[in-house]
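Chemist: Please read through the structure below; I'll follow up with questions.
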Amino acid sequence: MAQATIGNSEFDRDTAVVPRGDGVYEAELSAGWTIVQAVNGGYLLAVLGRALGRALPHPDPFSITAHYLTASQPGPAVIRTQVARAGRTLSTGQASLYQRDENGAEVERIRVLASYGDLDALADDVRTSAKPPAMPPREHCLSTADAPESAAPFRGSTAIVDRIDLRLDPATSGWAVGAPSGRGEMRGWFGLADGRDPDPLSLLLAVDALPPTGFDLGLAGWVPTVELTVHVRARPAPGPLRVAIVTRNLAGGFLEEDAEVWDAEDRLVAQSRQLARAAS
């Protein structure tokens with residue numbers, strides 16, 4: 001497969017925003033990034049992240065937090081941005097995505113607050129106790145084609161699987177054959193199906209692209225995101241990413257997912273935490 005370059009990939013086309021002046025942008029949310037009937041939260045965050053990257057004086061998301069207010073639908077959307085502060089090394093802004101409901105009324109779908117900077121200007125000093133996830137080589141992990149027909153959330157019921165190259169660690173894939181481990185873990189190799197190399201914007205998708213850890217806990221339905229915060233730590237190297245997600249607490253009908261994303265050079269390039277509603 002010829003490798004897609006940044007700018008001509010499906011991800012870039014489907015996250016494109018068109019400026020309309022005064023911090024307002026138009027977007028077309030693609031049905032290609034849906035999970036069952038819902039537009040994926042990481043894809044939506046990337047669309048808003050692209051708009052903020054146009055509105056703010058710094059290029060890269062450092063920290064971005066989204067609250068998902070109502071379910072987004074494929075189709076036209078309007079994003080309104082506002083610059084809260086433009087500093088020398090960091091700038092902060094907010095953005096909201098709106099769509100029209102069946103009565104033509106404008107409805108706010110997502111509200112985001114973010115700080116942007118320049119990842120290339122960061123110091124090289126790294127002091128960390130974090131380690132890349134222990135996973136089999138990519139060729140020994142499970143692709144969508146390996147999933148049984150009974151694993152509907154991982155196969156034909158969701159359009160996003162055709163746009164990503166996802167290979168799950170067999171140790172966290174027992175749910176697909178009716179044998180979840182109960183540990184609340186999900187690990188896998190992640191890339192875009194057209195071969196586009198990762199960048200800071202695609203990291204916003206990567207943290208939310210694996211099946212939910214709720215499957216490994218024995219939950220049957222999808223797990224809608226309430227709030228998602230992503231910290232982008234470095235510009236990723238070319239090549240596939242490794243994503244590890246864990247849930248330690250399910251209580252009151254809600255769970256958290258803590259994610260780490262590692263690049264091909266064994267660098268921790270993104271971290272996230274989201275609060276999600278457990279399937280009933």
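Please note that chains go A, B, ... in the order of the structure tokens, that every chain numbers its residues from 1, and that ligands are numbered from 1 in the order shown.
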Could you find all residues in stretch 108-177 of chain A that DSSP calls strand (DSSP E) from the backbone, and write them as a list in words?

Modeler: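 Going through stretch 108-177 of chain A, the strand (DSSP E) residues come out as Glu108, Arg109, Ile110, Arg111, Val112, Leu113, Ala114, Ser115, Tyr116, Gly117, Ile164, Asp165, Leu166, Arg167 and Leu168 of chain A.
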
Chemist: For A:Leu29, please output as a ChimeraX atom specification all residues within 7 Å (counting only C-alpha atoms; exclusion window: fewer than 4 positions along the same chain).

Modeler: /A:14,74-77

Chemist: Restricted to all heavy atoms, what would the selected residues look like written as a PDB file, in the first residue's frame?

Modeler:
```pdb
ATOM      1  N   ASP A  14     -11.491  14.416   6.224  1.00  0.00           N
ATOM      2  CA  ASP A  14     -12.685  14.324   7.064  1.00  0.00           C
ATOM      3  C   ASP A  14     -12.609  15.173   8.324  1.00  0.00           C
ATOM      4  O   ASP A  14     -13.623  15.331   9.025  1.00  0.00           O
ATOM      5  CB  ASP A  14     -12.941  12.867   7.439  1.00  0.00           C
ATOM      6  CG  ASP A  14     -13.401  12.031   6.254  1.00  0.00           C
ATOM      7  OD1 ASP A  14     -13.766  12.631   5.220  1.00  0.00           O
ATOM      8  OD2 ASP A  14     -13.405  10.792   6.366  1.00  0.00           O
ATOM      9  N   PRO A  74     -23.464  12.489  11.745  1.00  0.00           N
ATOM     10  CA  PRO A  74     -22.787  12.809  10.482  1.00  0.00           C
ATOM     11  C   PRO A  74     -23.525  13.929   9.754  1.00  0.00           C
ATOM     12  O   PRO A  74     -24.757  13.990   9.772  1.00  0.00           O
ATOM     13  CB  PRO A  74     -22.867  11.494   9.702  1.00  0.00           C
ATOM     14  CG  PRO A  74     -23.028  10.438  10.746  1.00  0.00           C
ATOM     15  CD  PRO A  74     -23.853  11.064  11.829  1.00  0.00           C
ATOM     16  N   GLY A  75     -22.757  14.826   9.154  1.00  0.00           N
ATOM     17  CA  GLY A  75     -23.373  15.935   8.433  1.00  0.00           C
ATOM     18  C   GLY A  75     -22.718  17.254   8.787  1.00  0.00           C
ATOM     19  O   GLY A  75     -21.681  17.304   9.457  1.00  0.00           O
ATOM     20  N   PRO A  76     -23.319  18.368   8.352  1.00  0.00           N
ATOM     21  CA  PRO A  76     -22.700  19.680   8.557  1.00  0.00           C
ATOM     22  C   PRO A  76     -22.663  20.085  10.020  1.00  0.00           C
ATOM     23  O   PRO A  76     -23.529  19.714  10.814  1.00  0.00           O
ATOM     24  CB  PRO A  76     -23.599  20.620   7.731  1.00  0.00           C
ATOM     25  CG  PRO A  76     -24.895  19.900   7.587  1.00  0.00           C
ATOM     26  CD  PRO A  76     -24.564  18.443   7.569  1.00  0.00           C
ATOM     27  N   ALA A  77     -21.634  20.846  10.363  1.00  0.00           N
ATOM     28  CA  ALA A  77     -21.467  21.368  11.721  1.00  0.00           C
ATOM     29  C   ALA A  77     -20.791  22.727  11.631  1.00  0.00           C
ATOM     30  O   ALA A  77     -20.099  23.040  10.668  1.00  0.00           O
ATOM     31  CB  ALA A  77     -20.634  20.409  12.571  1.00  0.00           C
TER      32      ALA A  77
END
```

Chemist: Need the shell around A:Thr247: protein/DNA/RNA residues with any atom at most 12 Å away, counting only C-alpha atoms. Skip same-chain ones fewer than 6 positions apart. Format as number ranges by chain?

Modeler: A: 182-187, 212-217, 254-259, 273-276, 278

Chemist: Output N, CA and C atoms of each residue in that selection to a file, as a PDB file, in the first residue's frame.

Modeler:
```pdb
ATOM      1  N   GLY A 182     -11.955  -9.450  32.842  1.00  0.00           N
ATOM      2  CA  GLY A 182     -12.391  -8.757  34.044  1.00  0.00           C
ATOM      3  C   GLY A 182     -11.389  -7.762  34.572  1.00  0.00           C
ATOM      4  N   ARG A 183     -10.241  -7.629  33.899  1.00  0.00           N
ATOM      5  CA  ARG A 183      -9.203  -6.710  34.377  1.00  0.00           C
ATOM      6  C   ARG A 183      -9.424  -5.270  33.910  1.00  0.00           C
ATOM      7  N   GLY A 184     -10.262  -5.069  32.917  1.00  0.00           N
ATOM      8  CA  GLY A 184     -10.508  -3.716  32.412  1.00  0.00           C
ATOM      9  C   GLY A 184      -9.332  -3.164  31.636  1.00  0.00           C
ATOM     10  N   GLU A 185      -8.726  -3.968  30.757  1.00  0.00           N
ATOM     11  CA  GLU A 185      -7.557  -3.558  29.984  1.00  0.00           C
ATOM     12  C   GLU A 185      -7.821  -3.699  28.494  1.00  0.00           C
ATOM     13  N   MET A 186      -7.205  -2.814  27.715  1.00  0.00           N
ATOM     14  CA  MET A 186      -7.254  -2.911  26.262  1.00  0.00           C
ATOM     15  C   MET A 186      -5.923  -2.406  25.727  1.00  0.00           C
ATOM     16  N   ARG A 187      -5.291  -3.189  24.866  1.00  0.00           N
ATOM     17  CA  ARG A 187      -4.006  -2.805  24.281  1.00  0.00           C
ATOM     18  C   ARG A 187      -4.011  -3.152  22.796  1.00  0.00           C
ATOM     19  N   PRO A 212     -13.789  -0.220  23.883  1.00  0.00           N
ATOM     20  CA  PRO A 212     -13.775   0.244  25.272  1.00  0.00           C
ATOM     21  C   PRO A 212     -13.350  -0.849  26.244  1.00  0.00           C
ATOM     22  N   THR A 213     -12.700  -0.435  27.317  1.00  0.00           N
ATOM     23  CA  THR A 213     -12.301  -1.384  28.355  1.00  0.00           C
ATOM     24  C   THR A 213     -13.502  -2.054  29.001  1.00  0.00           C
ATOM     25  N   GLY A 214     -14.678  -1.436  28.868  1.00  0.00           N
ATOM     26  CA  GLY A 214     -15.883  -2.064  29.401  1.00  0.00           C
ATOM     27  C   GLY A 214     -16.122  -3.451  28.826  1.00  0.00           C
ATOM     28  N   PHE A 215     -15.691  -3.693  27.568  1.00  0.00           N
ATOM     29  CA  PHE A 215     -15.828  -5.031  26.998  1.00  0.00           C
ATOM     30  C   PHE A 215     -15.040  -6.043  27.816  1.00  0.00           C
ATOM     31  N   ASP A 216     -13.830  -5.655  28.256  1.00  0.00           N
ATOM     32  CA  ASP A 216     -12.992  -6.564  29.042  1.00  0.00           C
ATOM     33  C   ASP A 216     -13.548  -6.753  30.449  1.00  0.00           C
ATOM     34  N   LEU A 217     -14.434  -5.843  30.872  1.00  0.00           N
ATOM     35  CA  LEU A 217     -15.104  -5.988  32.167  1.00  0.00           C
ATOM     36  C   LEU A 217     -16.393  -6.796  32.059  1.00  0.00           C
ATOM     37  N   PHE A 254     -20.582   4.711  36.056  1.00  0.00           N
ATOM     38  CA  PHE A 254     -19.557   5.416  35.282  1.00  0.00           C
ATOM     39  C   PHE A 254     -18.214   4.744  35.508  1.00  0.00           C
ATOM     40  N   LEU A 255     -17.352   4.836  34.488  1.00  0.00           N
ATOM     41  CA  LEU A 255     -15.993   4.321  34.610  1.00  0.00           C
ATOM     42  C   LEU A 255     -15.019   5.315  33.993  1.00  0.00           C
ATOM     43  N   GLU A 256     -13.747   5.191  34.383  1.00  0.00           N
ATOM     44  CA  GLU A 256     -12.694   5.997  33.776  1.00  0.00           C
ATOM     45  C   GLU A 256     -11.856   5.111  32.868  1.00  0.00           C
ATOM     46  N   GLU A 257     -11.276   5.720  31.835  1.00  0.00           N
ATOM     47  CA  GLU A 257     -10.303   5.041  30.991  1.00  0.00           C
ATOM     48  C   GLU A 257      -9.037   5.884  30.953  1.00  0.00           C
ATOM     49  N   ASP A 258      -7.934   5.317  31.418  1.00  0.00           N
ATOM     50  CA  ASP A 258      -6.632   5.972  31.354  1.00  0.00           C
ATOM     51  C   ASP A 258      -5.841   5.362  30.203  1.00  0.00           C
ATOM     52  N   ALA A 259      -5.413   6.212  29.268  1.00  0.00           N
ATOM     53  CA  ALA A 259      -4.720   5.729  28.079  1.00  0.00           C
ATOM     54  C   ALA A 259      -3.313   6.303  27.985  1.00  0.00           C
ATOM     55  N   ARG A 273      -7.298  10.752  29.911  1.00  0.00           N
ATOM     56  CA  ARG A 273      -8.266  10.165  30.834  1.00  0.00           C
ATOM     57  C   ARG A 273      -9.651  10.578  30.366  1.00  0.00           C
ATOM     58  N   GLN A 274     -10.549   9.626  30.345  1.00  0.00           N
ATOM     59  CA  GLN A 274     -11.926   9.975  30.034  1.00  0.00           C
ATOM     60  C   GLN A 274     -12.875   9.364  31.050  1.00  0.00           C
ATOM     61  N   LEU A 275     -13.981  10.062  31.258  1.00  0.00           N
ATOM     62  CA  LEU A 275     -15.088   9.561  32.056  1.00  0.00           C
ATOM     63  C   LEU A 275     -16.167   9.111  31.087  1.00  0.00           C
ATOM     64  N   ALA A 276     -16.655   7.903  31.271  1.00  0.00           N
ATOM     65  CA  ALA A 276     -17.640   7.351  30.349  1.00  0.00           C
ATOM     66  C   ALA A 276     -18.774   6.700  31.137  1.00  0.00           C
ATOM     67  N   ALA A 278     -21.145   3.687  31.752  1.00  0.00           N
ATOM     68  CA  ALA A 278     -21.131   2.255  31.528  1.00  0.00           C
ATOM     69  C   ALA A 278     -22.427   1.813  30.878  1.00  0.00           C
TER      70      ALA A 278
END
```

Chemist: Do a neighbour search on A:Gly21 at 12 Å with only C-alpha atoms, toss out local chain neighbours closer than 6 positions, and write the hits as an MDAnalysis selection string.

Modeler: chainID A and resid 54:55 78:82

Chemist: For each of A:Glu265, A:Asp124, A:Glu260, A:Glu108, take the minimum atom-to-atom distance to A:Val207, counting only C-alpha atoms, then give the residue where this is smallest.

Modeler: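 Residue with the minimum atom-to-atom distance to A:Val207: A:Glu260.
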
Chemist: Name the residues of stretch 157-268 of chain A that fall into helix (DSSP H, G or I) according to DSSP on the backbone, using the chain letters and numbers of this document, as an mmCIF file with C-alpha atoms, in the first residue's frame.

Modeler:
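That gives us selection.cif:
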```cif
data_model
loop_
_atom_site.group_PDB
_atom_site.id
_atom_site.type_symbol
_atom_site.label_atom_id
_atom_site.label_comp_id
_atom_site.auth_asym_id
_atom_site.auth_seq_id
_atom_site.Cartn_x
_atom_site.Cartn_y
_atom_site.Cartn_z
ATOM 1 C CA ALA A 159 -17.630 2.128 10.027
ATOM 2 C CA ILE A 160 -14.497 3.358 11.808
ATOM 3 C CA VAL A 161 -12.811 -0.066 11.587
ATOM 4 C CA ASP A 162 -12.374 0.473 7.844
ATOM 5 C CA PRO A 170 -4.685 -11.251 22.281
ATOM 6 C CA ALA A 171 -4.366 -10.937 26.085
ATOM 7 C CA THR A 172 -7.005 -8.184 26.038
ATOM 8 C CA GLY A 174 -11.025 -12.488 25.215
ATOM 9 C CA TRP A 175 -14.264 -10.492 25.224
ATOM 10 C CA ALA A 176 -14.532 -11.087 21.451
ATOM 11 C CA VAL A 177 -15.139 -14.798 22.090
ATOM 12 C CA PRO A 200 -0.325 15.478 17.182
ATOM 13 C CA LEU A 201 -3.836 15.788 15.749
ATOM 14 C CA SER A 202 -4.207 12.070 15.031
ATOM 15 C CA LEU A 203 -3.149 11.317 18.621
ATOM 16 C CA LEU A 204 -6.494 12.838 19.665
ATOM 17 C CA LEU A 205 -8.136 10.040 17.697
ATOM 18 C CA ALA A 206 -5.767 7.299 18.853
ATOM 19 C CA THR A 213 -12.301 -1.384 28.355
ATOM 20 C CA GLY A 214 -15.883 -2.064 29.401
ATOM 21 C CA PHE A 215 -15.828 -5.031 26.998
ATOM 22 C CA ASP A 216 -12.992 -6.564 29.042
#
```

Chemist: May I ask which of the residues A:Val112, A:Val107, A:Val39, A:Leu69 is the closest one to A:Leu52, counting only C-alpha atoms?

Modeler: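 Comparing A:Val112, A:Val107, A:Val39, A:Leu69 against A:Leu52, the winner is A:Val112.
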
Chemist: When you look at stretch 125-137 of chain A with a cut-off of 12 Å (counting only C-alpha atoms), what residues show up, excluding the ones that are within fewer than 6 positions of it in the same chain? I need them as an NGL selection string.

Modeler: :A and (167-172 or 185-189 or 233-234 or 240-246 or 259-271)

Chemist: If you count only C-alpha atoms, which residues fall within 8 Å of A:Val47, apart from same-chain ones fewer than 6 positions away, as an mmCIF file with N, CA, C and O atoms, in the first residue's frame?

Modeler:
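So the final result, stored in result-v5.cif, reads:
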```cif
data_model
loop_
_atom_site.group_PDB
_atom_site.id
_atom_site.type_symbol
_atom_site.label_atom_id
_atom_site.label_comp_id
_atom_site.auth_asym_id
_atom_site.auth_seq_id
_atom_site.Cartn_x
_atom_site.Cartn_y
_atom_site.Cartn_z
ATOM 1 N N THR A 15 -11.428 15.704 8.647
ATOM 2 C CA THR A 15 -11.312 16.645 9.771
ATOM 3 C C THR A 15 -11.107 18.081 9.296
ATOM 4 O O THR A 15 -10.845 18.970 10.102
ATOM 5 N N ALA A 16 -11.238 18.317 8.000
ATOM 6 C CA ALA A 16 -11.022 19.658 7.443
ATOM 7 C C ALA A 16 -12.062 20.638 7.973
ATOM 8 O O ALA A 16 -13.221 20.285 8.217
ATOM 9 N N VAL A 17 -11.627 21.873 8.176
ATOM 10 C CA VAL A 17 -12.531 22.951 8.581
ATOM 11 C C VAL A 17 -12.345 24.116 7.617
ATOM 12 O O VAL A 17 -11.249 24.360 7.119
ATOM 13 N N ALA A 27 -17.598 22.554 9.180
ATOM 14 C CA ALA A 27 -17.052 21.214 9.015
ATOM 15 C C ALA A 27 -18.160 20.291 8.538
ATOM 16 O O ALA A 27 -19.348 20.570 8.714
#
```

Chemist: Which residues of stretch 52-145 of chain A come within 6 Å of stretch 226-229 of chain A, and for each one, what is the closest pair of atoms and their distance in Å to one decimal, counting only C-alpha atoms, sorted by chain and residue number, as a Markdown table?

Modeler:
```
| residue | atom | partner | partner_atom | distance |
| --- | --- | --- | --- | --- |
| A:Ile64 | CA | A:Thr229 | CA | 5.6 |
| A:Thr65 | CA | A:Thr229 | CA | 4.2 |
| A:Ala66 | CA | A:Leu228 | CA | 5.3 |
| A:His67 | CA | A:Glu227 | CA | 4.6 |
| A:Tyr68 | CA | A:Val226 | CA | 5.4 |
```

Chemist: Taking C-alpha atoms for each residue, export the selection above as a CSV table (one decimal), in the first residue's frame.

Modeler:
```csv
chain,number,residue,atom,x,y,z
A,64,ILE,CA,-7.3,19.6,25.4
A,65,THR,CA,-10.5,18.8,27.3
A,66,ALA,CA,-13.8,18.0,25.8
A,67,HIS,CA,-17.3,17.7,27.3
A,68,TYR,CA,-19.7,15.8,25.1
```

Chemist: Can you pull out the residues contacting A:Ser72? Cut-off 8 Å, using only C-alpha atoms, and skip same-chain residues under 6 positions away; I want them as a list in words.

Modeler: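 Everything that qualifies: Ala38, Val39, Gln99 and Arg109 of chain A.
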
Chemist: Using N, CA and C atoms, can you export the residues from the last selection as a short mmCIF file (atom, residue, chain, number, x, y, z; two decimals), in the first residue's frame?

Modeler:
```
data_model
loop_
_atom_site.label_atom_id
_atom_site.label_comp_id
_atom_site.auth_asym_id
_atom_site.auth_seq_id
_atom_site.Cartn_x
_atom_site.Cartn_y
_atom_site.Cartn_z
N ALA A 38 -23.05 6.24 16.34
CA ALA A 38 -22.48 7.42 17.00
C ALA A 38 -21.16 7.81 16.35
N VAL A 39 -20.93 9.12 16.18
CA VAL A 39 -19.66 9.61 15.67
C VAL A 39 -18.61 9.47 16.78
N GLN A 99 -24.70 21.69 15.76
CA GLN A 99 -25.44 21.15 14.62
C GLN A 99 -26.91 21.52 14.75
N ARG A 109 -23.09 20.46 20.61
CA ARG A 109 -22.75 19.05 20.77
C ARG A 109 -21.56 18.84 21.71
#
```

Chemist: Name the closest residue to A:Ala95 among the candidates A:Arg138, A:Arg50, A:His58, A:Arg196; distances are taken between atoms, counting only C-alpha atoms.

Modeler: A:Arg50
